[in-house]
Protein chains: 4
Amino acid sequence: MNVWGEKIKLTIFGESHGKGIGVVIDGLPSGFELNLDRVAEQMKRRAPGRNKLSTARAEADEFQILSGFFNGKTTGTPLTAVIFNTDMRSKDYNPELLRPSHADFTALCKYGESRDYRGGGHFSGRITAPLVFAGAVAEQILEEKGIFTSAHIMQVGSVCDKPFDMINTDTELLKELSKMDFPVIDGECAEKMKEEIDKYRCDKNSIGGRVEVCICGVEAGIGSPFFGSVESRLSSMMFSIPAVKGIEFGLGFDFATADGKTANDEFYIEDDVVKTYTNNNAGINGGITNGMPIVFRLALKPTPSIANLQKTVNIDTKENTEIEIKGRHDPCIVHRAAIVAECATAIAMLDMVLDK
Amino acid sequence: MNVWGEKIKLTIFGESHGKGIGVVIDGLPSGFELNLDRVAEQMKRRAPGRNKLSTARAEADEFQILSGFFNGKTTGTPLTAVIFNTDMRSKDYNPELLRPSHADFTALCKYGESRDYRGGGHFSGRITAPLVFAGAVAEQILEEKGIFTSAHIMQVGSVCDKPFDMINTDTELLKELSKMDFPVIDGECAEKMKEEIDKYRCDKNSIGGRVEVCICGVEAGIGSPFFGSVESRLSSMMFSIPAVKGIEFGLGFDFATADGKTANDEFYIEDDVVKTYTNNNAGINGGITNGMPIVFRLALKPTPSIANLQKTVNIDTKENTEIEIKGRHDPCIVHRAAIVAECATAIAMLDMVLDK
Amino acid sequence: MNVWGEKIKLTIFGESHGKGIGVVIDGLPSGFELNLDRVAEQMKRRAPGRNKLSTARAEADEFQILSGFFNGKTTGTPLTAVIFNTDMRSKDYNPELLRPSHADFTALCKYGESRDYRGGGHFSGRITAPLVFAGAVAEQILEEKGIFTSAHIMQVGSVCDKPFDMINTDTELLKELSKMDFPVIDGECAEKMKEEIDKYRCDKNSIGGRVEVCICGVEAGIGSPFFGSVESRLSSMMFSIPAVKGIEFGLGFDFATADGKTANDEFYIEDDVVKTYTNNNAGINGGITNGMPIVFRLALKPTPSIANLQKTVNIDTKENTEIEIKGRHDPCIVHRAAIVAECATAIAMLDMVLDK
Amino acid sequence: MNVWGEKIKLTIFGESHGKGIGVVIDGLPSGFELNLDRVAEQMKRRAPGRNKLSTARAEADEFQILSGFFNGKTTGTPLTAVIFNTDMRSKDYNPELLRPSHADFTALCKYGESRDYRGGGHFSGRITAPLVFAGAVAEQILEEKGIFTSAHIMQVGSVCDKPFDMINTDTELLKELSKMDFPVIDGECAEKMKEEIDKYRCDKNSIGGRVEVCICGVEAGIGSPFFGSVESRLSSMMFSIPAVKGIEFGLGFDFATADGKTANDEFYIEDDVVKTYTNNNAGINGGITNGMPIVFRLALKPTPSIANLQKTVNIDTKENTEIEIKGRHDPCIVHRAAIVAECATAIAMLDMVLDK
């Protein structure tokens, strides 16, 4: 199921070591003047090979637009972008050895012997590049409507960033974060996070973290009850990002120990706009936006590709054995996931906004 | 968007104080011998008015099957069940006063003046009764395939239950929990939880909690990469349950401080079956099942309906004011949410299993 | 697949001799003041047992609205209507004898022994009653937008009615037809058609025909290229009506002998509105409306239920045998199909108009 | 809406004079050994510039597979093919002059000034090339299941071919037709048809026709009642092909004068297989296949691009004027449409077969 969306139909495709990866976005408004440089910048933020925190695979991630774009504007027909793969080293992989916590085994179960196992194939984190393309487009369209999406690294191992202000969101901050390669609110924690990552890298290990996403400027009344709830739509998109294993909105899991008196978001009206004093519900009541900022956090697991020796199974011989994963890998995926999450959020939000 | 599913199309409808609520389930296999008594038992577990922990509204929640069922078996055509509303007291509501953390304001923004505001209308927790019906049907079909879904109350306020064993799931335990009105693994915590709830009830307050769900017996290879990931599908269904504000799979948010070495689920083979030593990924790699139990936890917010005085807005006069919510309400929704979560999980899982 | 629509999700359910049949319409605008008497009139037009031209089964087809309707207006949440079955004579049927040109055999192949065979079960023409309900609702909403749908009996056996004027559609005519039980443009042909039908009825036979549908008042720019073409959407809905075996838009099959010079619809502009001199393309170019009336014709096969002796197979004994169909049946379905087609067209058109 | 399918999700994209056109096919079985030469042959049958019957635009229509294909087999993940545009002459077009019976006006209404008008943009017949690619893939997969789809030119202007035998379909004939550039059953009529086309070409005119499609080898029980009927699914795909304006199954519009006695398809059983003596219902009862061949016919309008002077509107100046269409165009589209119809049928049929 590589198609997502109600009003927009987003189709993604590609394998890590195939000819190319890409995306088709159907249902975009026509006549939107797209800034391709800004799209390229977002692509670059996600792209690998830029420093020791990320995989050494050096992909320029240069996209070609094949359709849906004419005279600098969207045409309203499907917008298609393709990224041709270039720097591939397929010999690094032994498909018979199942990499722990990777999709090697499940891909085999689902697709059988014919799966493209090279570099994780279709399950590669590389397939998030098309998501970033689509999200970078969506962000520009949302921006015109006064809606901003942004994300920062909330936590890497033991190091935490300051959380978003869920009441008075600073749009300028969102914009700044949206340009950073290593987006954090509290500049000082960036260095500490990088040290943390480097520590695990040196130990041939990897580390998990959290990403926090904020959407502001969404009018009240977007979304639907039940299956079309803003939480349902956003979570279904977020769990499409490899390594995401949890999502919580507003107070999230802290609701478990919260009581109604303190957790309820009481209303007030100011200049004819209804607002809430607190925002524990993250701007969503009954699945529908109430006009307050939408804030959620994602749990990211550590990169499963580690150079350490691990126990596994040789699926050809059906024997227990060990694996030492070679190749070029990220010791931490959280900062790149933050960018993917920001962009994927923009797509999902645009779909809901257009569906109104 | 009140339709969910790929292979199964689940349609739910109804308002709290309308004539009736119900569900249409399209895409069920034909010829399945349905035990209606067991369905009725599940409905009863969710039904209100049974003790002081739940709302005093006494609804029998008796369903009528209108179609898709003949000679005790499913026909394969849409199965429709309707529950007629009976015990309604509409005069308890003042629609102009927005109840904090309820959908009153967002329903007004989305649907306008013509929304059915009585008892929360379409946003009422009562609309989960059709979900339970559908899930009770799905559970029986899954059971024949050796798949069991169950849920327990993981936490209410400060009281916690023992978690599921994510490696060696006890199917008998799952079956037992699936019959309890107040499902907990550690029997002793039940009383403490009930005391906790009663404490908040006496204080005209409410309390949140967590629910843990387990699915076992799912073969490896179910689900899809990206948008059709098991996490995406399950979370989109779970966030359709009112009050759910977070979901985490396996280690979940504890992944944030976990490193690859310890968090990776190493493989071994035993009797030709590939298993993992740990199950931090909750039986899902790359969005696809690996044959291990699927375990996830939900964050539940405290019931927003509390009898305490709260600040709010009179939307007619556009003035700040206060509200004292009358009517019959649950001081805690967690135990009833556990039953809804179990059933909704069964529907979602059946959809994915049939889609294979 | 009993769910249809993009913006609207239409779910139908029921069996001829089950407890009830019905429809859920999700995605309707809220606050629309629905005239239930007019809906009931449309239901009555389709209802059986009114004269010797139709089956003697006397169903009042009285609907109950269960949800989505409050204070005389749509609420925007799913609108559900149920019609309880009443006048059922199940003993008339022998499921082991396959009725020629009916769905008995294919239902058995798809659903197996457990299908509800009574009265054709889910395949009964009776399941078009919910379509008429939905269409009658859609017609009222479209009318407010200046859009009118109507249909007439174009042909019954050897008797033909006058076709719609595809250029200058008479809205008053459409409205009148929309109230007739036996809708024809040329009043004189009605009697001849009825005589034709009666002739076949007396001969224990049945007769086919054609229905012509017209939609006017649709603005230019509705629909989509390719899969979402107005023709694709309308035809997928029309072939959901039992007995429809063909559809043609505008010149239709006469295009086969037409040349570009004469068949092309040349443009002119008048009072700033672009129009065409001819309307051979039935108001649709490239799958999208151009503002001219949309006109199409349906081929209807004769009712397969005839009292004459027919060759068939006893599927239990696997022997060739004969069948004499008893029960109460229509000698001609065309006049009732016209009403169903008008209503089903309205639903499909509303979905496309709302999707803009 | 450029995505089609239930089990398969087919996404098409591209503009006539953009960088490239293409298709993403999600949901294909994995491990299918695809013969790319045969795919290329089907592409070549549709490709333009091969003789005076077709447009002189010379496109090789060479496709590149970007994803979903590894070691000669499908991987089960999205199969993507791209065709880069090469021979483009954009200066031939004056977008302000609306070409009669083309999508120029409707594209403008739907997409506004920013549409890609060059060569018809997204509405170009050229976008059927990706459909042919997808269909050529589907045909190979169906063939392994013993299912064959084929089409022939039934009529061009006044010249008709012999129809398919709807009872005893000759699979060898289907295979032969599936290789012809100008597929006809009765070889003699080919020359006459070509003369007919040439006559209209010389007159700067164009001519319409009919295409007949046959699918054989489909088991009984495929399809669904109502919205998922085989007729609904096939027609929604067929009307995605530009120029198709009508479709009829089996007896089709001849049902209008048919009576039940003669039109009903009586059953018999032979070697445990249920068959029908006649096949007026084209292998479909109640929307579901009965095992007999599926046969339908399409009405094709004459190519709207004719060199003759035509009346039209200058949409910039809002004045009535005339247009003389230059460029390279087909005097008849029927033979190329036959190939597109065959391929599009294969996709739709595969979707239904896999959905079982």
# chains A, B, ... in the order shown; residues from 1 in each chain; ligands from 1

$ residues_around --residues "Gly76 of chain A" --least-positions-apart "5" --cutoff "9 Å" --atoms "only C-alpha atoms" --output "list of chain:residue names"
A:Asp26, A:Gly27, A:Leu28, A:Pro29, A:Ser30, A:Gly31, A:Phe32, A:Gly68, A:Phe69, D:Lys110, D:Tyr111, D:Gly112, D:Ser114, D:Arg115

$ select_by_dssp --residues "segment 1-45 of chain B" --states "strand (DSSP E)" --output "PyMOL selection string"
chain B and resi 3-4+9-14+20-26

$ write_last_selection --atoms "all heavy atoms" --output "JSON list (two decimals), in the first residue's frame"
[["chain", "number", "residue", "atom", "x", "y", "z"],
["B", 3, "VAL", "N", -15.70, 5.57, 7.24],
["B", 3, "VAL", "CA", -15.48, 4.27, 6.62],
["B", 3, "VAL", "C", -14.00, 3.94, 6.78],
["B", 3, "VAL", "O", -13.15, 4.80, 6.55],
["B", 3, "VAL", "CB", -15.87, 4.30, 5.12],
["B", 3, "VAL", "CG1", -15.68, 2.93, 4.50],
["B", 3, "VAL", "CG2", -17.30, 4.75, 4.94],
["B", 4, "TRP", "N", -13.71, 2.73, 7.20],
["B", 4, "TRP", "CA", -12.33, 2.33, 7.42],
["B", 4, "TRP", "C", -12.07, 0.98, 6.79],
["B", 4, "TRP", "O", -12.91, 0.09, 6.84],
["B", 4, "TRP", "CB", -12.04, 2.25, 8.93],
["B", 4, "TRP", "CG", -10.58, 2.13, 9.28],
["B", 4, "TRP", "CD1", -9.73, 3.17, 9.58],
["B", 4, "TRP", "CD2", -9.78, 0.94, 9.38],
["B", 4, "TRP", "NE1", -8.47, 2.68, 9.85],
["B", 4, "TRP", "CE2", -8.47, 1.33, 9.73],
["B", 4, "TRP", "CE3", -10.04, -0.42, 9.20],
["B", 4, "TRP", "CZ2", -7.41, 0.42, 9.91],
["B", 4, "TRP", "CZ3", -9.00, -1.34, 9.36],
["B", 4, "TRP", "CH2", -7.71, -0.92, 9.72],
["B", 9, "LYS", "N", -14.61, -3.09, 4.62],
["B", 9, "LYS", "CA", -15.01, -1.68, 4.71],
["B", 9, "LYS", "C", -15.96, -1.59, 5.89],
["B", 9, "LYS", "O", -17.05, -2.17, 5.87],
["B", 9, "LYS", "CB", -15.72, -1.21, 3.44],
["B", 9, "LYS", "CG", -14.90, -1.32, 2.17],
["B", 9, "LYS", "CD", -13.85, -0.22, 2.05],
["B", 9, "LYS", "CE", -13.04, -0.40, 0.76],
["B", 9, "LYS", "NZ", -11.79, 0.35, 0.77],
["B", 10, "LEU", "N", -15.53, -0.88, 6.90],
["B", 10, "LEU", "CA", -16.30, -0.74, 8.12],
["B", 10, "LEU", "C", -16.93, 0.65, 8.14],
["B", 10, "LEU", "O", -16.22, 1.65, 8.07],
["B", 10, "LEU", "CB", -15.34, -0.88, 9.31],
["B", 10, "LEU", "CG", -15.95, -0.80, 10.70],
["B", 10, "LEU", "CD1", -16.64, -2.12, 11.02],
["B", 10, "LEU", "CD2", -14.89, -0.51, 11.74],
["B", 11, "THR", "N", -18.23, 0.71, 8.24],
["B", 11, "THR", "CA", -18.94, 2.00, 8.28],
["B", 11, "THR", "C", -19.66, 2.11, 9.62],
["B", 11, "THR", "O", -20.42, 1.21, 9.97],
["B", 11, "THR", "CB", -19.98, 2.07, 7.14],
["B", 11, "THR", "OG1", -19.31, 1.85, 5.90],
["B", 11, "THR", "CG2", -20.67, 3.42, 7.12],
["B", 12, "ILE", "N", -19.43, 3.19, 10.36],
["B", 12, "ILE", "CA", -20.17, 3.37, 11.61],
["B", 12, "ILE", "C", -21.01, 4.63, 11.54],
["B", 12, "ILE", "O", -20.70, 5.56, 10.80],
["B", 12, "ILE", "CB", -19.25, 3.41, 12.85],
["B", 12, "ILE", "CG1", -18.21, 4.53, 12.73],
["B", 12, "ILE", "CG2", -18.55, 2.07, 13.06],
["B", 12, "ILE", "CD1", -17.41, 4.73, 14.02],
["B", 13, "PHE", "N", -22.10, 4.64, 12.30],
["B", 13, "PHE", "CA", -22.99, 5.80, 12.25],
["B", 13, "PHE", "C", -23.72, 5.95, 13.57],
["B", 13, "PHE", "O", -23.80, 5.02, 14.37],
["B", 13, "PHE", "CB", -24.00, 5.65, 11.11],
["B", 13, "PHE", "CG", -24.87, 4.44, 11.20],
["B", 13, "PHE", "CD1", -26.04, 4.46, 11.96],
["B", 13, "PHE", "CD2", -24.54, 3.26, 10.55],
["B", 13, "PHE", "CE1", -26.86, 3.33, 12.05],
["B", 13, "PHE", "CE2", -25.34, 2.14, 10.63],
["B", 13, "PHE", "CZ", -26.51, 2.17, 11.38],
["B", 14, "GLY", "N", -24.28, 7.11, 13.77],
["B", 14, "GLY", "CA", -25.16, 7.30, 14.92],
["B", 14, "GLY", "C", -24.82, 8.47, 15.80],
["B", 14, "GLY", "O", -23.71, 9.01, 15.76],
["B", 20, "GLY", "N", -30.88, 5.71, 16.58],
["B", 20, "GLY", "CA", -30.08, 4.51, 16.74],
["B", 20, "GLY", "C", -28.66, 4.70, 16.24],
["B", 20, "GLY", "O", -28.34, 5.67, 15.54],
["B", 21, "ILE", "N", -27.81, 3.78, 16.62],
["B", 21, "ILE", "CA", -26.42, 3.77, 16.18],
["B", 21, "ILE", "C", -26.14, 2.41, 15.56],
["B", 21, "ILE", "O", -26.91, 1.47, 15.77],
["B", 21, "ILE", "CB", -25.46, 4.02, 17.36],
["B", 21, "ILE", "CG1", -25.61, 2.91, 18.42],
["B", 21, "ILE", "CG2", -25.72, 5.37, 18.00],
["B", 21, "ILE", "CD1", -24.70, 3.09, 19.62],
["B", 22, "GLY", "N", -25.09, 2.30, 14.79],
["B", 22, "GLY", "CA", -24.85, 1.00, 14.19],
["B", 22, "GLY", "C", -23.62, 0.93, 13.32],
["B", 22, "GLY", "O", -22.80, 1.86, 13.30],
["B", 23, "VAL", "N", -23.52, -0.18, 12.61],
["B", 23, "VAL", "CA", -22.31, -0.48, 11.86],
["B", 23, "VAL", "C", -22.67, -1.37, 10.67],
["B", 23, "VAL", "O", -23.57, -2.19, 10.74],
["B", 23, "VAL", "CB", -21.31, -1.22, 12.79],
["B", 23, "VAL", "CG1", -21.89, -2.52, 13.34],
["B", 23, "VAL", "CG2", -19.99, -1.48, 12.12],
["B", 24, "VAL", "N", -21.97, -1.12, 9.56],
["B", 24, "VAL", "CA", -22.04, -2.01, 8.40],
["B", 24, "VAL", "C", -20.63, -2.55, 8.16],
["B", 24, "VAL", "O", -19.69, -1.77, 8.07],
["B", 24, "VAL", "CB", -22.53, -1.27, 7.14],
["B", 24, "VAL", "CG1", -22.77, -2.26, 6.01],
["B", 24, "VAL", "CG2", -23.78, -0.45, 7.41],
["B", 25, "ILE", "N", -20.52, -3.86, 8.08],
["B", 25, "ILE", "CA", -19.20, -4.47, 7.84],
["B", 25, "ILE", "C", -19.26, -5.18, 6.50],
["B", 25, "ILE", "O", -19.92, -6.20, 6.34],
["B", 25, "ILE", "CB", -18.83, -5.50, 8.93],
["B", 25, "ILE", "CG1", -19.24, -5.00, 10.33],
["B", 25, "ILE", "CG2", -17.33, -5.81, 8.90],
["B", 25, "ILE", "CD1", -19.09, -6.06, 11.42],
["B", 26, "ASP", "N", -18.56, -4.63, 5.54],
["B", 26, "ASP", "CA", -18.54, -5.20, 4.20],
["B", 26, "ASP", "C", -17.20, -5.93, 4.00],
["B", 26, "ASP", "O", -16.17, -5.46, 4.46],
["B", 26, "ASP", "CB", -18.68, -4.07, 3.16],
["B", 26, "ASP", "CG", -18.96, -4.61, 1.77],
["B", 26, "ASP", "OD1", -19.30, -5.79, 1.63],
["B", 26, "ASP", "OD2", -18.84, -3.82, 0.82]]

$ interface_residues --of "chain A" --to "chain C" --cutoff "12 Å" --atoms "only C-alpha atoms" --output "list in words"
Gly5, Glu6, Lys7, Ile8, Lys9, Asp26, Gly27, Pro29, Gly76, Thr77, Pro78, Ser224, Pro225, Phe226, Gly228, Leu354, Asp355 and Lys356 of chain A

$ write_last_selection --atoms "C-alpha atoms" --output "mmCIF file, in the first residue's frame"
data_model
loop_
_atom_site.group_PDB
_atom_site.id
_atom_site.type_symbol
_atom_site.label_atom_id
_atom_site.label_comp_id
_atom_site.auth_asym_id
_atom_site.auth_seq_id
_atom_site.Cartn_x
_atom_site.Cartn_y
_atom_site.Cartn_z
ATOM 1 C CA GLY A 5 -4.362 10.357 1.128
ATOM 2 C CA GLU A 6 -7.937 11.366 0.588
ATOM 3 C CA LYS A 7 -7.802 14.612 -1.359
ATOM 4 C CA ILE A 8 -4.182 14.224 -2.290
ATOM 5 C CA LYS A 9 -3.021 10.828 -3.480
ATOM 6 C CA ASP A 26 -1.937 13.827 -7.337
ATOM 7 C CA GLY A 27 -4.507 16.378 -6.250
ATOM 8 C CA PRO A 29 -3.890 22.805 -6.402
ATOM 9 C CA GLY A 76 -2.879 20.559 -10.947
ATOM 10 C CA THR A 77 -2.153 17.246 -12.662
ATOM 11 C CA PRO A 78 0.144 14.690 -10.991
ATOM 12 C CA SER A 224 -13.142 14.310 11.139
ATOM 13 C CA PRO A 225 -14.546 12.257 13.974
ATOM 14 C CA PHE A 226 -13.355 8.652 14.356
ATOM 15 C CA GLY A 228 -10.573 10.541 9.934
ATOM 16 C CA LEU A 354 -7.663 20.617 1.240
ATOM 17 C CA ASP A 355 -10.331 18.082 2.218
ATOM 18 C CA LYS A 356 -12.275 20.743 4.064
#

$ select_by_dssp --residues "segment 47-274 of chain A" --states "helix (DSSP H, G or I)" --output "ChimeraX atom specification"
/A:90-92,104-114,118-123,125-144,171-177,187-202,226-228,230-238,252-257,260-263

$ residues_around --residues "Lys204 of chain A" --least-positions-apart "4" --cutoff "8 Å" --atoms "only C-alpha atoms" --output "mmCIF file with all heavy atoms, in the first residue's frame"
data_model
loop_
_atom_site.group_PDB
_atom_site.id
_atom_site.type_symbol
_atom_site.label_atom_id
_atom_site.label_comp_id
_atom_site.auth_asym_id
_atom_site.auth_seq_id
_atom_site.Cartn_x
_atom_site.Cartn_y
_atom_site.Cartn_z
ATOM 1 N N TYR A 200 28.381 6.785 20.812
ATOM 2 C CA TYR A 200 27.826 5.505 20.377
ATOM 3 C C TYR A 200 28.473 5.044 19.064
ATOM 4 O O TYR A 200 28.685 3.862 18.847
ATOM 5 C CB TYR A 200 26.295 5.597 20.251
ATOM 6 C CG TYR A 200 25.617 5.575 21.609
ATOM 7 C CD1 TYR A 200 25.351 6.742 22.306
ATOM 8 C CD2 TYR A 200 25.298 4.360 22.211
ATOM 9 C CE1 TYR A 200 24.764 6.715 23.563
ATOM 10 C CE2 TYR A 200 24.699 4.325 23.474
ATOM 11 C CZ TYR A 200 24.430 5.504 24.146
ATOM 12 O OH TYR A 200 23.866 5.456 25.384
ATOM 13 N N ILE A 306 24.297 -1.867 13.194
ATOM 14 C CA ILE A 306 25.471 -1.571 14.025
ATOM 15 C C ILE A 306 26.583 -2.538 13.646
ATOM 16 O O ILE A 306 26.327 -3.661 13.197
ATOM 17 C CB ILE A 306 25.153 -1.689 15.539
ATOM 18 C CG1 ILE A 306 24.537 -3.051 15.863
ATOM 19 C CG2 ILE A 306 24.231 -0.572 15.989
ATOM 20 C CD1 ILE A 306 24.308 -3.282 17.344
ATOM 21 N N ALA A 307 27.805 -2.065 13.804
ATOM 22 C CA ALA A 307 28.953 -2.853 13.336
ATOM 23 C C ALA A 307 29.304 -3.988 14.297
ATOM 24 O O ALA A 307 30.096 -4.872 13.965
ATOM 25 C CB ALA A 307 30.153 -1.920 13.140
ATOM 26 N N ASN A 308 28.711 -3.950 15.482
ATOM 27 C CA ASN A 308 28.965 -5.015 16.453
ATOM 28 C C ASN A 308 28.464 -6.377 15.982
ATOM 29 O O ASN A 308 27.536 -6.466 15.189
ATOM 30 C CB ASN A 308 28.204 -4.673 17.742
ATOM 31 C CG ASN A 308 29.163 -4.314 18.839
ATOM 32 O OD1 ASN A 308 29.703 -5.189 19.492
ATOM 33 N ND2 ASN A 308 29.398 -3.021 19.000
ATOM 34 N N PRO A 331 24.927 6.303 12.989
ATOM 35 C CA PRO A 331 24.890 5.906 14.402
ATOM 36 C C PRO A 331 23.636 6.431 15.101
ATOM 37 O O PRO A 331 23.256 5.946 16.148
ATOM 38 C CB PRO A 331 26.153 6.536 14.981
ATOM 39 C CG PRO A 331 26.498 7.652 14.053
ATOM 40 C CD PRO A 331 26.011 7.260 12.696
#

$ residues_around --residues "segment 211-219 of chain C" --least-positions-apart "4" --cutoff "6 Å" --atoms "only C-alpha atoms" --output "list in words"
Gly146, Ile147, Phe148, Thr149, Ser150, Ala151, His152, Ile153, Met154, Gly291, Pro293, Ile294, Val295, Phe296, Arg297, Leu298 and Ala338 of chain C

$ residues_around --residues "Glu139 of chain D" --least-positions-apart "6" --cutoff "12 Å" --atoms "only C-alpha atoms" --output "number ranges by chain"
D: 32, 34-35, 38-39, 42, 131-133, 145-150, 174-175, 178, 215-216, 342-351

$ residues_around --residues "segment 312-325 of chain B" --least-positions-apart "3" --cutoff "12 Å" --atoms "only C-alpha atoms" --output "PyMOL selection string"
(chain A and resi 261+264-277) or (chain B and resi 92-102+104-106+108-109+112-113+119+204-205+303-309+328-329)

$ atom_distance --atom1 "atom CA of Glu176 of chain B" --atom2 "atom CA of Pro163 of chain B"
15.2 Å

$ residues_around --residues "Lys192 of chain B" --least-positions-apart "5" --cutoff "10 Å" --atoms "only C-alpha atoms" --output "number ranges by chain"
B: 156, 158-160, 187, 197-198

$ decode --residues "segment 295-307 of chain A" --atoms "N, CA, C and O atoms" --output "mmCIF file, in the first residue's frame"
data_model
loop_
_atom_site.group_PDB
_atom_site.id
_atom_site.type_symbol
_atom_site.label_atom_id
_atom_site.label_comp_id
_atom_site.auth_asym_id
_atom_site.auth_seq_id
_atom_site.Cartn_x
_atom_site.Cartn_y
_atom_site.Cartn_z
ATOM 1 N N VAL A 295 0.707 19.709 18.545
ATOM 2 C CA VAL A 295 2.051 19.299 18.937
ATOM 3 C C VAL A 295 2.064 17.811 19.251
ATOM 4 O O VAL A 295 1.190 17.323 19.969
ATOM 5 N N PHE A 296 3.017 17.096 18.682
ATOM 6 C CA PHE A 296 3.141 15.666 19.023
ATOM 7 C C PHE A 296 4.611 15.261 19.024
ATOM 8 O O PHE A 296 5.464 15.951 18.473
ATOM 9 N N ARG A 297 4.878 14.166 19.709
ATOM 10 C CA ARG A 297 6.237 13.652 19.847
ATOM 11 C C ARG A 297 6.319 12.223 19.326
ATOM 12 O O ARG A 297 5.376 11.452 19.462
ATOM 13 N N LEU A 298 7.443 11.903 18.726
ATOM 14 C CA LEU A 298 7.667 10.582 18.144
ATOM 15 C C LEU A 298 8.785 9.866 18.873
ATOM 16 O O LEU A 298 9.810 10.492 19.204
ATOM 17 N N ALA A 299 8.622 8.580 19.118
ATOM 18 C CA ALA A 299 9.703 7.749 19.646
ATOM 19 C C ALA A 299 10.456 7.129 18.470
ATOM 20 O O ALA A 299 9.845 6.551 17.579
ATOM 21 N N LEU A 300 11.770 7.296 18.487
ATOM 22 C CA LEU A 300 12.612 6.758 17.402
ATOM 23 C C LEU A 300 13.531 5.687 17.961
ATOM 24 O O LEU A 300 14.218 5.926 18.949
ATOM 25 N N LYS A 301 13.559 4.559 17.329
ATOM 26 C CA LYS A 301 14.457 3.512 17.838
ATOM 27 C C LYS A 301 15.873 3.753 17.299
ATOM 28 O O LYS A 301 16.053 4.452 16.287
ATOM 29 N N PRO A 302 16.884 3.197 17.980
ATOM 30 C CA PRO A 302 18.245 3.346 17.471
ATOM 31 C C PRO A 302 18.383 2.637 16.125
ATOM 32 O O PRO A 302 17.691 1.646 15.875
ATOM 33 N N THR A 303 19.248 3.154 15.270
ATOM 34 C CA THR A 303 19.493 2.510 13.977
ATOM 35 C C THR A 303 19.816 1.045 14.210
ATOM 36 O O THR A 303 20.723 0.736 14.993
ATOM 37 N N PRO A 304 19.130 0.141 13.552
ATOM 38 C CA PRO A 304 19.445 -1.273 13.772
ATOM 39 C C PRO A 304 20.788 -1.701 13.180
ATOM 40 O O PRO A 304 21.369 -2.678 13.626
ATOM 41 N N SER A 305 21.292 -0.950 12.199
ATOM 42 C CA SER A 305 22.574 -1.316 11.583
ATOM 43 C C SER A 305 23.729 -0.900 12.485
ATOM 44 O O SER A 305 24.079 0.281 12.545
ATOM 45 N N ILE A 306 24.297 -1.867 13.194
ATOM 46 C CA ILE A 306 25.471 -1.571 14.025
ATOM 47 C C ILE A 306 26.583 -2.538 13.646
ATOM 48 O O ILE A 306 26.327 -3.661 13.197
ATOM 49 N N ALA A 307 27.805 -2.065 13.804
ATOM 50 C CA ALA A 307 28.953 -2.853 13.336
ATOM 51 C C ALA A 307 29.304 -3.988 14.297
ATOM 52 O O ALA A 307 30.096 -4.872 13.965
#
